[in-house]
Structures are given as C-alpha cells and as structure tokens.
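A.B. asks: Let me begin by handing over the structure; questions about it come next.
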Amino acid sequence: SNIWNLSSEDYLWAQISLLYQGSIDAEQESLKKLQRRIVSYGPKQFNQSGKEPLLYFQMLLLTLQFEKALEYLQGNPMFSVETVHFAMSLYHYGALNLPTTQHQSSQSDIPTFNYMRLLKLYVDGLSKTDVAYGLHYCFTIREENFRRELIRDLVLETRQFSKILGEIQQQGIGLEVGGMLDHFMPQHKREIIVMAASECESRGSYDDAFKLYDLAEEYDKMLTILNKQLSCVVALDPQNAPEREKLVAQATYAYSRCESKEAWSKISAQTQATFITMNNLINFFNLVYDKKYMDALEYNRKYLKLVPFNTSETQERLQAFQDLDQTIRRNFSQVLLETMNCLYQVYESNRKTNKENVSYVREQARVLLTFAGMNQHYLLSADTYSQLVLIELKISF
C-alpha cells in the first residue's frame with residue numbers, strides 16, 4: 001500500500017509506536033532504521049506541494065535527528081533566526097552533539113552541529129544594531145573559554161569598551177564606572193578585559209590596549225606598551241610631533257595612576273626603571289628643544305645618568321648600559337649627539353668670556369667621545385660617531 005495516503009504525522013506516529021514492542025536494544029536499532037528511512041526520503045518527499053517547508057524539519061526533530069534538522073533549517077535563509085533559537089534550546093538541554101573534543105560525539109559516524117559558529121555569526125550581526133542584545137546571547141554559552149572568547153570578540157568588533165567593560169572616568173583618581181559585565185559576569189570581567197587588551201596589542205592597536213590594561217589594573221603591561229611607543233618618538237621635536245605630545249600626556253596620566261604603593265608593586269623592577277628613564281628622556285629632550293642647553297646638561301648629569309661627564313663615571317655608565325631596556329638603547333645615539341651639541345652650545349656662549357668653563361666643557365666632550373668610542377661596535381652608526389668627532393673637534397680648537 002502507498003504510505004503517503006496517510007498524513008506524514010500519522011505515518012510517523014505509527015512507525016514510532018512500533019518501536020516499543022521489543023527489547024531496548026531492538027528499540028534502538030529500529031529507531032536507527034527509522035531515522036535512516038526519513039533521511040532517505042529527503043525534504044522534497046515531505047514538501048511536494050511546496051507549501052510545507054518545515055515538515056521535513058519536523059520529521060527529523062521527532063525522530064531525534066536534531067543535528068540534521070538544524071542543518072536542514074540553516075540551509076533556508078527564511079529561517080535563519082528560527083535556526084538559532086531552536087539550536088539554543090537544544091543546546092540548553094544538552095541534546096546537541098557539538099564538534100569539539102569536549103564531547104563524546106566526535107566520531108565521524110555521529111552527526112554534529114556547530115552551534116558555537118552559528119551563534120557567533122548571529123551575535124556579530126545582531127551587535128551591529130544592539131550590542132546589549134548580542135551580549136545576552138553570549139551569556140547562554142556554558143563553556144567558559146568560548147563564552148569569554150565570544151565576549152572578547154564582541155568587545156573588539158563593536159569597540160564599545162565603556163558600555164560592556166566600563167571605564168576609568170576620572171584620570172589620576174581612578175574612579176571606575178562599571179559596564180554590563182559588572183552586572184552579569186563580574187567574576188570573569190578582568191580576565192575578559194585582559195584577553196581583549198592582549199588581542200589589541202597583537203593587532204597593533206596600542207591606544208586601546210593601553211586603556212584596557214589600565215582598566216584591568218595590569219600596570220606592568222600598560223607601562224610596557226607605553227615605553228615601546230615613547231621610544232619611537234621621545235627624541236623628536238615636540239613642535240613637529242603631535243604623536244609625541246599625545247604619548248607624553250599618556251605618560252603623565254600613567255604616572256598618576258601608578259603613584260600608590262599598591263599599583264607600583266604590580267610593576268616589575270625592569271619596567272619601573274625603564275618608565276622612569278623614559279620620563280627623564282622626555283624632560284631632557286624638552287630642555288634641548290627649548291634651547292636651555294645648560295639646564296639640559298645639568299638634568300642629564302643629575303637625573304638621566306646615561307652618559308659620563310668625567311672619567312671616573314665612564315665604567316659605571318658602561319656597566320649600566322648593559323642593563324638598559326631596548327626601548328632606551330634605541331635612543332642612545334640621539335642622547336649622545338644632543339649632549340655633545342649642548343656642550344658645544346655652552347662652549348660657544350662661554351669661549352670668549354669664561355676660559356675656565358670652556359676648559360671644563362672640553363674635558364666633558366673628550367670623556368663623552370671616549371665613552372662613545374667604547375660602545376661604537378654595537379651602539380653607534382659610523383655616521384653618528386663621525387658627527388660626534390666633528391663637534392668635539394670644534395670644541396677642542
């Protein structure tokens with residue numbers, strides 16, 4: 001007889017009722033046969049009129065073929081939203097086989113459905129119009145690692161850091177205004193912020209990374225990023241380098257954030273020393289570009305302490321150089337050049353009126369050139385050393 005004279009529902013219930021007439025093993029085997037039979041009929045058999053696109057989906061659901069049902073539904077763009085919510089319900093009750101090593105159903109003969117990928121695509125689209133709505137979907141994930149990664153990606157793609165993570169509202173005081181995570185996942189907030197900051201750093205989005213590390217109170221990483229950025233601009237003329245001025249302002253803010261003993265204790269000794277030296281470099285170059293040459297030399301001698309001004313300091317400065325961070329070393333040539341230039345400017349202003357001071361400047365220039373020569377093999381280019389020699393010759397004669 002033609003089974004399709006019956007309605008699809010009647011046929012299916014008749015088949016299901018026959019499953020419960022033997023042992024449990026027999027029932028399971030009969031169910032597998034029924035599942036294969038439904039799949040073999042295909043969606044066209046259940047939608048011959050073209051008016052029942054969901055009937056095949058229903059048949060798959062009722063025969064416990066949830067993964068195949070979702071795969072079929074996902075293939076129809078008309079039901080994209082329904083696919084997500086059916087998948088969410090099945091996932092919530094643990095009825096889905098997911099293609100991960102965390103689940104037993106990773107064998108090739110057992111169907112799986114990639115619910116995590118589906119949800120991520122849905123959240124990405126949803127968050128373009130309503131980030132709060134998208135975030136609530138992230139909270140439905142049980143697997144903590146994936147949930148944190150999904151929220152991190154949401155933060156980075158929408159860039160709504162303040163709304164989701166919160167912000168430091170008053171610079172220097174450290175008044176934190178909470179975000180949405182403070183209400184829903186306060187225990188994981190800091191970890192998610194650090195994940196987002198790390199990703200920003202790897203992408204080269206250093207301003208965002210700086211703000212996020214600050215929010216997470218990861219002051220060592222915050223200063224490390226700032227030191228790297230400052231090392232590229234610290235020796236530039238402030239009048240022609242707006243990026244330098246922005247980073248100098250960040251350095252002032254960072255110093256105020258790290259003033260407390262508690263914050264300072266979270267920063268490694270190397271990062272502390274580099275940050276302090278970087279700030280001293282800022283002040284030194286500011287004095288140089290302001291043409292306050294005597295003040296620049298004095299500041300160099302008292303605070304910067306990178307180059308010797310008399311013979312007795314040479315070995316000490318050479319040893320200290322070995323311990324310097326690369327962000328400081330990369331500016332060492334410019335420090336030597338500007339220090340020698342300051343000596344020359346002081347020499348020029350004193351050579352006709354103060355012979356004693358001129359003699360002292362000449363001695364300092366000789367010490368500086370000797371020091372540069374001792375580091376020449378890995379510190380200076382040939383061009384830089386030549387410039388130092390020429391300036392020292394002008395002072396000496």
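Residue numbering restarts at 1 for every chain of the structure tokens, chains are lettered A, B, ... in their displayed order, and ligands are numbered from 1 as they appear.
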I'd like the contact shell of stretch 157-167 of chain A - 12 Å cut-off, only C-alpha atoms, skipping same-chain residues fewer than 2 positions apart - returned as a ChimeraX atom specification.

C.D. replies: /A:120,123-136,150-155,169-171,174-186,188-197,199-200,205,208-209,211-217

A.B. asks: Neighbouring residues of A:Val361 were defined as those with any atom within 9 Å, considering only C-alpha atoms; residues of the same chain fewer than 4 positions away were excluded. Please report them as a JSON list (two decimals) with all heavy atoms, in the first residue's frame.

C.D. replies:
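Written file, result_8.json:
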[["chain", "number", "residue", "atom", "x", "y", "z"],
["A", 343, "LEU", "N", 76.97, 70.66, 24.88],
["A", 343, "LEU", "CA", 78.31, 71.08, 25.28],
["A", 343, "LEU", "C", 78.87, 72.11, 24.30],
["A", 343, "LEU", "O", 79.51, 73.10, 24.71],
["A", 343, "LEU", "CB", 79.24, 69.86, 25.34],
["A", 343, "LEU", "CG", 79.00, 68.88, 26.50],
["A", 343, "LEU", "CD1", 79.83, 67.62, 26.32],
["A", 343, "LEU", "CD2", 79.33, 69.54, 27.85],
["A", 344, "TYR", "N", 78.62, 71.89, 23.02],
["A", 344, "TYR", "CA", 79.10, 72.84, 22.02],
["A", 344, "TYR", "C", 78.41, 74.20, 22.18],
["A", 344, "TYR", "O", 79.07, 75.26, 22.09],
["A", 344, "TYR", "CB", 78.84, 72.30, 20.61],
["A", 344, "TYR", "CG", 79.19, 73.29, 19.52],
["A", 344, "TYR", "CD1", 80.53, 73.59, 19.25],
["A", 344, "TYR", "CD2", 78.18, 73.93, 18.80],
["A", 344, "TYR", "CE1", 80.85, 74.51, 18.27],
["A", 344, "TYR", "CE2", 78.51, 74.85, 17.82],
["A", 344, "TYR", "CZ", 79.84, 75.14, 17.55],
["A", 344, "TYR", "OH", 80.16, 76.07, 16.60],
["A", 346, "VAL", "N", 77.15, 75.50, 24.91],
["A", 346, "VAL", "CA", 77.69, 76.13, 26.12],
["A", 346, "VAL", "C", 79.10, 76.66, 25.84],
["A", 346, "VAL", "O", 79.48, 77.76, 26.29],
["A", 346, "VAL", "CB", 77.71, 75.12, 27.29],
["A", 346, "VAL", "CG1", 78.46, 75.70, 28.50],
["A", 346, "VAL", "CG2", 76.28, 74.74, 27.69],
["A", 347, "TYR", "N", 79.88, 75.87, 25.10],
["A", 347, "TYR", "CA", 81.24, 76.30, 24.71],
["A", 347, "TYR", "C", 81.18, 77.62, 23.92],
["A", 347, "TYR", "O", 81.94, 78.56, 24.18],
["A", 347, "TYR", "CB", 81.90, 75.21, 23.89],
["A", 347, "TYR", "CG", 83.09, 75.66, 23.08],
["A", 347, "TYR", "CD1", 84.34, 75.85, 23.69],
["A", 347, "TYR", "CD2", 82.98, 75.90, 21.70],
["A", 347, "TYR", "CE1", 85.43, 76.27, 22.94],
["A", 347, "TYR", "CE2", 84.06, 76.32, 20.97],
["A", 347, "TYR", "CZ", 85.29, 76.51, 21.58],
["A", 347, "TYR", "OH", 86.37, 76.93, 20.85],
["A", 356, "GLU", "N", 87.77, 79.29, 32.05],
["A", 356, "GLU", "CA", 87.73, 78.16, 32.99],
["A", 356, "GLU", "C", 86.58, 77.22, 32.65],
["A", 356, "GLU", "O", 86.74, 75.99, 32.64],
["A", 356, "GLU", "CB", 87.58, 78.68, 34.42],
["A", 356, "GLU", "CG", 87.61, 77.55, 35.46],
["A", 356, "GLU", "CD", 87.50, 78.09, 36.87],
["A", 356, "GLU", "OE1", 87.68, 79.31, 37.08],
["A", 356, "GLU", "OE2", 87.25, 77.28, 37.77],
["A", 357, "ASN", "N", 85.44, 77.79, 32.33],
["A", 357, "ASN", "CA", 84.28, 76.98, 31.97],
["A", 357, "ASN", "C", 84.50, 76.26, 30.64],
["A", 357, "ASN", "O", 84.09, 75.11, 30.46],
["A", 357, "ASN", "CB", 83.02, 77.86, 31.89],
["A", 357, "ASN", "CG", 81.75, 77.04, 32.01],
["A", 357, "ASN", "OD1", 81.74, 75.98, 32.64],
["A", 357, "ASN", "ND2", 80.67, 77.51, 31.41],
["A", 365, "ALA", "N", 83.58, 66.93, 26.84],
["A", 365, "ALA", "CA", 83.42, 66.48, 25.45],
["A", 365, "ALA", "C", 84.36, 65.31, 25.16],
["A", 365, "ALA", "O", 83.99, 64.35, 24.47],
["A", 365, "ALA", "CB", 83.67, 67.64, 24.50],
["A", 366, "ARG", "N", 85.60, 65.39, 25.65],
["A", 366, "ARG", "CA", 86.56, 64.30, 25.44],
["A", 366, "ARG", "C", 86.08, 63.02, 26.12],
["A", 366, "ARG", "O", 86.18, 61.92, 25.55],
["A", 366, "ARG", "CB", 87.94, 64.71, 25.97],
["A", 366, "ARG", "CG", 88.74, 65.59, 25.02],
["A", 366, "ARG", "CD", 90.20, 65.68, 25.43],
["A", 366, "ARG", "NE", 90.36, 66.38, 26.71],
["A", 366, "ARG", "CZ", 90.54, 67.70, 26.81],
["A", 366, "ARG", "NH1", 90.58, 68.45, 25.71],
["A", 366, "ARG", "NH2", 90.68, 68.27, 27.99],
["A", 395, "ILE", "N", 84.91, 71.96, 19.58],
["A", 395, "ILE", "CA", 85.08, 72.39, 20.98],
["A", 395, "ILE", "C", 86.55, 72.45, 21.37],
["A", 395, "ILE", "O", 86.97, 73.33, 22.15],
["A", 395, "ILE", "CB", 84.30, 71.42, 21.92],
["A", 395, "ILE", "CG1", 82.79, 71.50, 21.63],
["A", 395, "ILE", "CG2", 84.56, 71.76, 23.39],
["A", 395, "ILE", "CD1", 81.97, 70.47, 22.38]]

A.B. asks: Need the shell around A:Lys221: protein/DNA/RNA residues with any atom at most 10 Å away, counting only C-alpha atoms. Skip same-chain ones fewer than 2 positions apart. Format as a PyMOL selection string?

C.D. replies: chain A and resi 194+197-198+201+209-210+213-214+217-219+223-227+266-268+271
